[in-house]
Protein chains: 2
Amino acid sequence: MAKQVKIKEIAQMAGVSAGTVDRILHNRGKVSDKSREAVEKVLADVGYKYNIHLSAMSFRKEINIYICIPVASAGEYWDSVKNGIMHALEEYYDIDIKPHYYFYDQYDAYSCQNTYKKLASGKPDAVIIGSTFTEETKQLCEHLDNNSIPYIFVDSIVEDTNPYETYTTDQYICGYLLAKLLDAATPADKSIAIFRFQRIGNQGAINSQERKRGFDAYMNETGKSDRVIEATLPASDIQQTESTLLEFLKNNPDVKGMAVLNSRGSILANTIYAHKLHDIKVISFDLTNNNRRCLENGTITTLLCQKPELQGFNAIKSTINRILYNMPVKQVHHLMPIDIIFKENLPLYKEV
Amino acid sequence: MAKQVKIKEIAQMAGVSAGTVDRILHNRGKVSDKSREAVEKVLADVGYKYNIHLSAMSFRKEINIYICIPVASAGEYWDSVKNGIMHALEEYYDIDIKPHYYFYDQYDAYSCQNTYKKLASGKPDAVIIGSTFTEETKQLCEHLDNNSIPYIFVDSIVEDTNPYETYTTDQYICGYLLAKLLDAATPADKSIAIFRFQRIGNQGAINSQERKRGFDAYMNETGKSDRVIEATLPASDIQQTESTLLEFLKNNPDVKGMAVLNSRGSILANTIYAHKLHDIKVISFDLTNNNRRCLENGTITTLLCQKPELQGFNAIKSTINRILYNMPVKQVHHLMPIDIIFKENLPLYKEV
DNA sequence: CTGTTAGCGCATTCAC
DNA sequence: GTGAATGCGCTAACAG
């Protein structure tokens, strides 16, 4: 453990004053080439890292972080992301961060556009984006790029943008794992259904598509593609989803495993439970309150989760470091581990 | 988000000076009942929380944390715990923490005794204990209790002690899950072997015993106890382990699933691989380098992991809060989630 | 017992 | 361009 070097010591070593070192560390103000060289040489030698908390305190300016994600009720997916964010804000309570929440309706492109418009009129130090609508997000990012406002993605990545970091997971692997687990849970002579939800013009689909690719890959590799039956359910209202599902199951009595590529597993699980179709296994995504309940009562077999809290937490943490250290842009894509949750280990997920 | 109240403001509100508030906050120095009452009333009103980083800086004393865990080579279980600890020390680099490492040989009670003896002669502010030998640890804790030195357990808990916090997981659930996963992975008409390692007088066994209970519970509940064959392997040297295992498998050709209740899965996996017994499924514990390799090449089917890094990390984090905030002792047992790792999601565990 | 003062490491401001 | 002075919130040491 090398002892922490202080800014003053560096100044001394380089034969300048602390002020000059500070200017160089933060790329602000003007410094002669001579001083810069001298300081940078010392810096390279000692591996200096300054105290981010003191730095923030002395900064005496608040950091404005805009957080733009879908609205969510308690216990839903995006609520977990938000919790992670708030958790991080508590952790860094000593740094003067001012969060500005911009919530939009993930089922309403219009709401998203409006929210983005409002956001674009502000002057954030950084933006955290949970994207749902691809085209709209691209435009927003273009605006942010033009104003050199850094932004970070959680949950999913939008192409042709330049986030300084992203927190997502590998959806292909998710889909592959789902297939593997469902295959093992379903009797070999029975069929597996995979459901697609009709949604309009949004990208929630992007994650699902990638999951579908992984799912198909497993089935192909293991030569079990003919076990699989694809079906489409309406996403609009639950009533219709239920009746369509029941109709489907009536026509395909062989189906004993159901793959749900988004977090709506509980809807299907509740339906089959209500109709006493107890031998059908369901695997779905995300530890929402509804899914949690289904896992508890056994109507959902397994859940795959992509650590939304951690994504939110890390997004804030990275952003603070990004802004305070004013680091050069080195874009990093962080992939979160996938939690595999059964009824048994569910109790261990009470605490975060 | 309530604005942070400063110590000076509190002092003003209570009609005393900052020094007095500080004395009350930290229970140090003497304060008149009158002042104390006034300040505490204000404190209760505003929910003050002081800046731990500034506090540590002004403290100008180093915090001595003793870390007493088994030695480990790179990539072994206890190495991960250590990594988590070092990771936390980096995270809190601005707080002057001086770690003192006391490593002992987890297979040698004598080494443990010696290490504990050395440790007991020091004056730590807090101790992090990864226990292996129950009796020795009990004695150590008694000594620490007598000197009111706080201590915290990682990985396992020793009875009749008073740690201020513990970081472990539910080993019963681990065993139950292992049984469930192995049951699903092994053809229904084949047998499952569960292995016990002979070790002398230590407690590493305690976690394993609890896992065994969970394993048995699953088998009983599902009426599959007669699928299970128990076996004992020598823990001393690998040569002997291998030959005993091969002998066992020769006598029990029906065994197609193997449960290993500790992290030694790779030893068995390598053996069956070398002898081309490719259809035997192995499930074991902990993401050690050896196990990781086996998961990659398919000789281990699944690993259950108890987040050793996070345990180490949180142990430090809690300890810092404990010491700096001088909180009242509220003992908390933290249960870590269990990671379930297959070949497919292994790549997501590169980063921590 | 209590108020005051100096100092921790850093960012800012203002003279030079 | 640069150095010195000042303040941030907190604790320790000292003087009363």
# chains A, B, ... in the order shown; residues from 1 in each chain; ligands from 1
call {"tool": "select_by_dssp", "arguments": {"residues": "region 149-328 of chain A", "states": "helix (DSSP H, G or I)", "output": "PyMOL selection string"}}
result
chain A and resi 171-185+204-221+225-227+238-251+265-274+289-296+308-325
call {"tool": "closest_atom_pairs", "arguments": {"of": "chain D", "to": "chain A", "cutoff": "8 Å", "atoms": "only C-alpha atoms (C1' of nucleotides)", "output": "Markdown table"}}
result
| residue | atom | partner | partner_atom | distance |
| --- | --- | --- | --- | --- |
| D:DG1 | C1' | A:Val31 | CA | 6.0 |
| D:DT2 | C1' | A:Thr20 | CA | 7.1 |
| D:DG3 | C1' | A:Ser17 | CA | 6.2 |
| D:DC8 | C1' | A:Ser58 | CA | 5.3 |
call {"tool": "write_last_selection", "arguments": {"atoms": "C-alpha atoms (C1' of nucleotides)", "output": "tab-separated table (two decimals), in the first residue's frame"}}
result
chain	number	residue	atom	x	y	z
D	1	DG	C1'	0.92	31.98	-16.29
D	2	DT	C1'	1.59	31.54	-11.47
D	3	DG	C1'	1.78	31.64	-6.27
D	8	DC	C1'	-15.07	23.87	2.64
call {"tool": "select_by_dssp", "arguments": {"residues": "region 60-92 of chain B", "states": "strand (DSSP E)", "output": "PyMOL selection string"}}
result
chain B and resi 63-70
call {"tool": "interface_residues", "arguments": {"of": "chain A", "to": "chain B", "cutoff": "9 Å", "atoms": "only C-alpha atoms", "output": "MDAnalysis selection string"}}
result
chainID A and resid 1 4 50:54 93:94 98 169:170 173:174 176:177 184:185 334:342 344:349 351
call {"tool": "interface_residues", "arguments": {"of": "chain C", "to": "chain B", "cutoff": "12 Å", "atoms": "only C-alpha atoms (C1' of nucleotides)", "output": "list in words"}}
result
DC1, DT2, DG3, DT4, DT5, DA6, DG7, DC8, DG9 and DC10 of chain C
call {"tool": "atom_distance", "arguments": {"atom1": "CA of Ala126 (chain B)", "atom2": "CA of Asn27 (chain B)"}}
result
18.2 Å
call {"tool": "atom_distance", "arguments": {"atom1": "CA of Ala188 (chain A)", "atom2": "CA of Ala274 (chain A)"}}
result
25.4 Å
call {"tool": "closest_residue", "arguments": {"among": "B:Asn326, B:Arg264, B:Thr319, B:Asn146", "to": "Asn289 (chain B)", "atoms": "only C-alpha atoms"}}
result
B:Arg264
call {"tool": "atom_distance", "arguments": {"atom1": "CA of Tyr167 (chain B)", "atom2": "CA of Thr166 (chain A)"}}
result
30.0 Å
call {"tool": "residues_around", "arguments": {"residues": "region 114-124 of chain B", "least_positions_apart": "4", "cutoff": "10 Å", "atoms": "only C-alpha atoms (C1' of nucleotides)", "output": "ChimeraX atom specification"}}
result
/B:63-69,98-105,109-110,136-137,139-141,143-144,147,149-151
call {"tool": "residues_around", "arguments": {"residues": "Ile280 (chain A)", "least_positions_apart": "4", "cutoff": "12 Å", "atoms": "only C-alpha atoms (C1' of nucleotides)", "output": "compact mmCIF listing (two decimals) with N, CA and C atoms, in the first residue's frame"}}
result
# COMPACT_ATOMS: atom_id res chain seq x y z
N LEU A 182 -35.12 -24.45 -19.37
CA LEU A 182 -36.47 -24.90 -19.66
C LEU A 182 -36.44 -26.30 -20.26
N ALA A 185 -36.14 -28.68 -17.55
CA ALA A 185 -37.28 -28.73 -16.64
C ALA A 185 -38.51 -29.39 -17.27
N THR A 186 -38.52 -29.48 -18.59
CA THR A 186 -39.69 -30.00 -19.29
C THR A 186 -39.45 -31.44 -19.74
N PRO A 187 -40.41 -32.33 -19.52
CA PRO A 187 -40.26 -33.71 -19.96
C PRO A 187 -39.87 -33.79 -21.43
N LYS A 190 -42.38 -33.66 -24.41
CA LYS A 190 -43.38 -32.59 -24.46
C LYS A 190 -42.84 -31.39 -25.24
N SER A 191 -43.73 -30.46 -25.53
CA SER A 191 -43.34 -29.30 -26.33
C SER A 191 -43.07 -28.08 -25.46
N ILE A 192 -42.35 -27.15 -26.06
CA ILE A 192 -42.03 -25.89 -25.38
C ILE A 192 -42.56 -24.74 -26.22
N ALA A 193 -43.25 -23.84 -25.57
CA ALA A 193 -43.79 -22.68 -26.29
C ALA A 193 -42.95 -21.45 -25.98
N LEU A 249 -53.20 -22.85 -25.61
CA LEU A 249 -52.91 -24.07 -24.85
C LEU A 249 -53.91 -25.17 -25.17
N PRO A 253 -52.05 -28.98 -26.52
CA PRO A 253 -52.05 -29.59 -25.18
C PRO A 253 -50.71 -30.20 -24.81
N ASP A 254 -49.85 -30.34 -25.78
CA ASP A 254 -48.55 -30.95 -25.54
C ASP A 254 -47.56 -30.00 -24.89
N VAL A 255 -47.91 -28.72 -24.87
CA VAL A 255 -46.98 -27.72 -24.35
C VAL A 255 -46.87 -27.84 -22.83
N LYS A 256 -45.69 -28.15 -22.35
CA LYS A 256 -45.47 -28.25 -20.91
C LYS A 256 -44.37 -27.31 -20.41
N GLY A 257 -43.85 -26.52 -21.33
CA GLY A 257 -42.85 -25.53 -20.94
C GLY A 257 -43.13 -24.23 -21.66
N MET A 258 -43.01 -23.09 -20.96
CA MET A 258 -43.27 -21.81 -21.60
C MET A 258 -42.11 -20.85 -21.35
N ALA A 259 -41.62 -20.28 -22.43
CA ALA A 259 -40.54 -19.30 -22.34
C ALA A 259 -41.10 -17.92 -22.56
N LEU A 268 -48.77 -14.87 -17.51
CA LEU A 268 -49.02 -16.22 -18.01
C LEU A 268 -49.13 -17.20 -16.86
N ALA A 269 -48.24 -17.03 -15.88
CA ALA A 269 -48.23 -17.95 -14.75
C ALA A 269 -49.55 -17.91 -13.99
N ASN A 270 -50.04 -16.70 -13.77
CA ASN A 270 -51.32 -16.57 -13.07
C ASN A 270 -52.46 -17.23 -13.85
N THR A 271 -52.41 -17.08 -15.15
CA THR A 271 -53.45 -17.68 -15.98
C THR A 271 -53.45 -19.20 -15.87
N ILE A 272 -52.29 -19.80 -16.04
CA ILE A 272 -52.26 -21.26 -15.99
C ILE A 272 -52.60 -21.75 -14.58
N TYR A 273 -52.25 -20.94 -13.59
CA TYR A 273 -52.57 -21.33 -12.21
C TYR A 273 -54.08 -21.31 -12.01
N HIS A 275 -56.29 -21.79 -14.05
CA HIS A 275 -56.95 -22.86 -14.79
C HIS A 275 -56.35 -24.23 -14.50
N LYS A 276 -55.65 -24.27 -13.37
CA LYS A 276 -55.15 -25.54 -12.85
C LYS A 276 -54.27 -26.33 -13.83
N GLY A 298 -44.76 -21.19 -6.77
CA GLY A 298 -44.40 -22.30 -7.65
C GLY A 298 -44.94 -22.22 -9.07
N THR A 299 -45.62 -21.14 -9.42
CA THR A 299 -46.16 -21.08 -10.78
C THR A 299 -45.13 -20.62 -11.79
N ILE A 300 -44.10 -19.96 -11.31
CA ILE A 300 -42.94 -19.71 -12.18
C ILE A 300 -41.81 -20.59 -11.67
N THR A 301 -41.11 -21.23 -12.57
CA THR A 301 -40.07 -22.19 -12.21
C THR A 301 -38.74 -21.50 -11.94
call {"tool": "decode", "arguments": {"residues": "region 236-260 of chain B", "atoms": "N, CA and C atoms", "output": "PDB file, in the first residue's frame"}}
result
ATOM      1  N   SER B 236      -6.225 -35.815   2.077  1.00  0.00           N
ATOM      2  CA  SER B 236      -4.784 -35.599   2.199  1.00  0.00           C
ATOM      3  C   SER B 236      -4.120 -35.306   0.859  1.00  0.00           C
ATOM      4  N   ASP B 237      -3.895 -36.319   0.045  1.00  0.00           N
ATOM      5  CA  ASP B 237      -3.232 -36.003  -1.221  1.00  0.00           C
ATOM      6  C   ASP B 237      -4.095 -36.408  -2.411  1.00  0.00           C
ATOM      7  N   ILE B 238      -3.824 -35.732  -3.496  1.00  0.00           N
ATOM      8  CA  ILE B 238      -4.668 -35.872  -4.679  1.00  0.00           C
ATOM      9  C   ILE B 238      -4.579 -37.272  -5.269  1.00  0.00           C
ATOM     10  N   GLN B 239      -3.370 -37.815  -5.294  1.00  0.00           N
ATOM     11  CA  GLN B 239      -3.168 -39.178  -5.789  1.00  0.00           C
ATOM     12  C   GLN B 239      -4.188 -40.132  -5.187  1.00  0.00           C
ATOM     13  N   GLN B 240      -4.236 -40.072  -3.889  1.00  0.00           N
ATOM     14  CA  GLN B 240      -5.104 -41.003  -3.186  1.00  0.00           C
ATOM     15  C   GLN B 240      -6.572 -40.708  -3.449  1.00  0.00           C
ATOM     16  N   THR B 241      -6.886 -39.433  -3.512  1.00  0.00           N
ATOM     17  CA  THR B 241      -8.267 -39.063  -3.817  1.00  0.00           C
ATOM     18  C   THR B 241      -8.682 -39.694  -5.136  1.00  0.00           C
ATOM     19  N   GLU B 242      -7.812 -39.547  -6.120  1.00  0.00           N
ATOM     20  CA  GLU B 242      -8.121 -40.058  -7.450  1.00  0.00           C
ATOM     21  C   GLU B 242      -8.352 -41.558  -7.452  1.00  0.00           C
ATOM     22  N   SER B 243      -7.433 -42.269  -6.836  1.00  0.00           N
ATOM     23  CA  SER B 243      -7.555 -43.728  -6.903  1.00  0.00           C
ATOM     24  C   SER B 243      -8.790 -44.199  -6.143  1.00  0.00           C
ATOM     25  N   THR B 244      -9.061 -43.557  -5.017  1.00  0.00           N
ATOM     26  CA  THR B 244     -10.259 -43.932  -4.267  1.00  0.00           C
ATOM     27  C   THR B 244     -11.516 -43.669  -5.090  1.00  0.00           C
ATOM     28  N   LEU B 245     -11.512 -42.539  -5.772  1.00  0.00           N
ATOM     29  CA  LEU B 245     -12.670 -42.191  -6.590  1.00  0.00           C
ATOM     30  C   LEU B 245     -12.885 -43.209  -7.705  1.00  0.00           C
ATOM     31  N   LEU B 246     -11.788 -43.544  -8.381  1.00  0.00           N
ATOM     32  CA  LEU B 246     -11.905 -44.487  -9.504  1.00  0.00           C
ATOM     33  C   LEU B 246     -12.409 -45.843  -9.026  1.00  0.00           C
ATOM     34  N   GLU B 247     -11.881 -46.237  -7.918  1.00  0.00           N
ATOM     35  CA  GLU B 247     -12.322 -47.495  -7.307  1.00  0.00           C
ATOM     36  C   GLU B 247     -13.826 -47.446  -7.048  1.00  0.00           C
ATOM     37  N   PHE B 248     -14.238 -46.321  -6.475  1.00  0.00           N
ATOM     38  CA  PHE B 248     -15.657 -46.148  -6.164  1.00  0.00           C
ATOM     39  C   PHE B 248     -16.517 -46.217  -7.424  1.00  0.00           C
ATOM     40  N   LEU B 249     -16.069 -45.543  -8.449  1.00  0.00           N
ATOM     41  CA  LEU B 249     -16.862 -45.501  -9.683  1.00  0.00           C
ATOM     42  C   LEU B 249     -16.904 -46.866 -10.364  1.00  0.00           C
ATOM     43  N   LYS B 250     -15.847 -47.635 -10.183  1.00  0.00           N
ATOM     44  CA  LYS B 250     -15.824 -48.972 -10.755  1.00  0.00           C
ATOM     45  C   LYS B 250     -16.874 -49.840 -10.061  1.00  0.00           C
ATOM     46  N   ASN B 251     -16.960 -49.670  -8.768  1.00  0.00           N
ATOM     47  CA  ASN B 251     -17.925 -50.457  -8.003  1.00  0.00           C
ATOM     48  C   ASN B 251     -19.360 -49.950  -8.167  1.00  0.00           C
ATOM     49  N   ASN B 252     -19.491 -48.708  -8.601  1.00  0.00           N
ATOM     50  CA  ASN B 252     -20.826 -48.132  -8.762  1.00  0.00           C
ATOM     51  C   ASN B 252     -20.993 -47.535 -10.157  1.00  0.00           C
ATOM     52  N   PRO B 253     -21.024 -48.361 -11.160  1.00  0.00           N
ATOM     53  CA  PRO B 253     -21.067 -47.861 -12.537  1.00  0.00           C
ATOM     54  C   PRO B 253     -22.349 -47.090 -12.848  1.00  0.00           C
ATOM     55  N   ASP B 254     -23.298 -47.187 -11.978  1.00  0.00           N
ATOM     56  CA  ASP B 254     -24.571 -46.513 -12.188  1.00  0.00           C
ATOM     57  C   ASP B 254     -24.528 -45.032 -11.851  1.00  0.00           C
ATOM     58  N   VAL B 255     -23.472 -44.624 -11.191  1.00  0.00           N
ATOM     59  CA  VAL B 255     -23.393 -43.230 -10.754  1.00  0.00           C
ATOM     60  C   VAL B 255     -23.154 -42.303 -11.945  1.00  0.00           C
ATOM     61  N   LYS B 256     -24.103 -41.416 -12.193  1.00  0.00           N
ATOM     62  CA  LYS B 256     -23.943 -40.466 -13.297  1.00  0.00           C
ATOM     63  C   LYS B 256     -24.041 -39.025 -12.824  1.00  0.00           C
ATOM     64  N   GLY B 257     -24.138 -38.841 -11.531  1.00  0.00           N
ATOM     65  CA  GLY B 257     -24.147 -37.494 -10.981  1.00  0.00           C
ATOM     66  C   GLY B 257     -23.301 -37.460  -9.715  1.00  0.00           C
ATOM     67  N   MET B 258     -22.496 -36.415  -9.563  1.00  0.00           N
ATOM     68  CA  MET B 258     -21.649 -36.328  -8.374  1.00  0.00           C
ATOM     69  C   MET B 258     -21.828 -34.972  -7.702  1.00  0.00           C
ATOM     70  N   ALA B 259     -22.098 -35.038  -6.411  1.00  0.00           N
ATOM     71  CA  ALA B 259     -22.239 -33.821  -5.622  1.00  0.00           C
ATOM     72  C   ALA B 259     -20.996 -33.637  -4.763  1.00  0.00           C
ATOM     73  N   VAL B 260     -20.358 -32.484  -4.896  1.00  0.00           N
ATOM     74  CA  VAL B 260     -19.175 -32.195  -4.081  1.00  0.00           C
ATOM     75  C   VAL B 260     -19.484 -30.980  -3.214  1.00  0.00           C
TER      76      VAL B 260
END
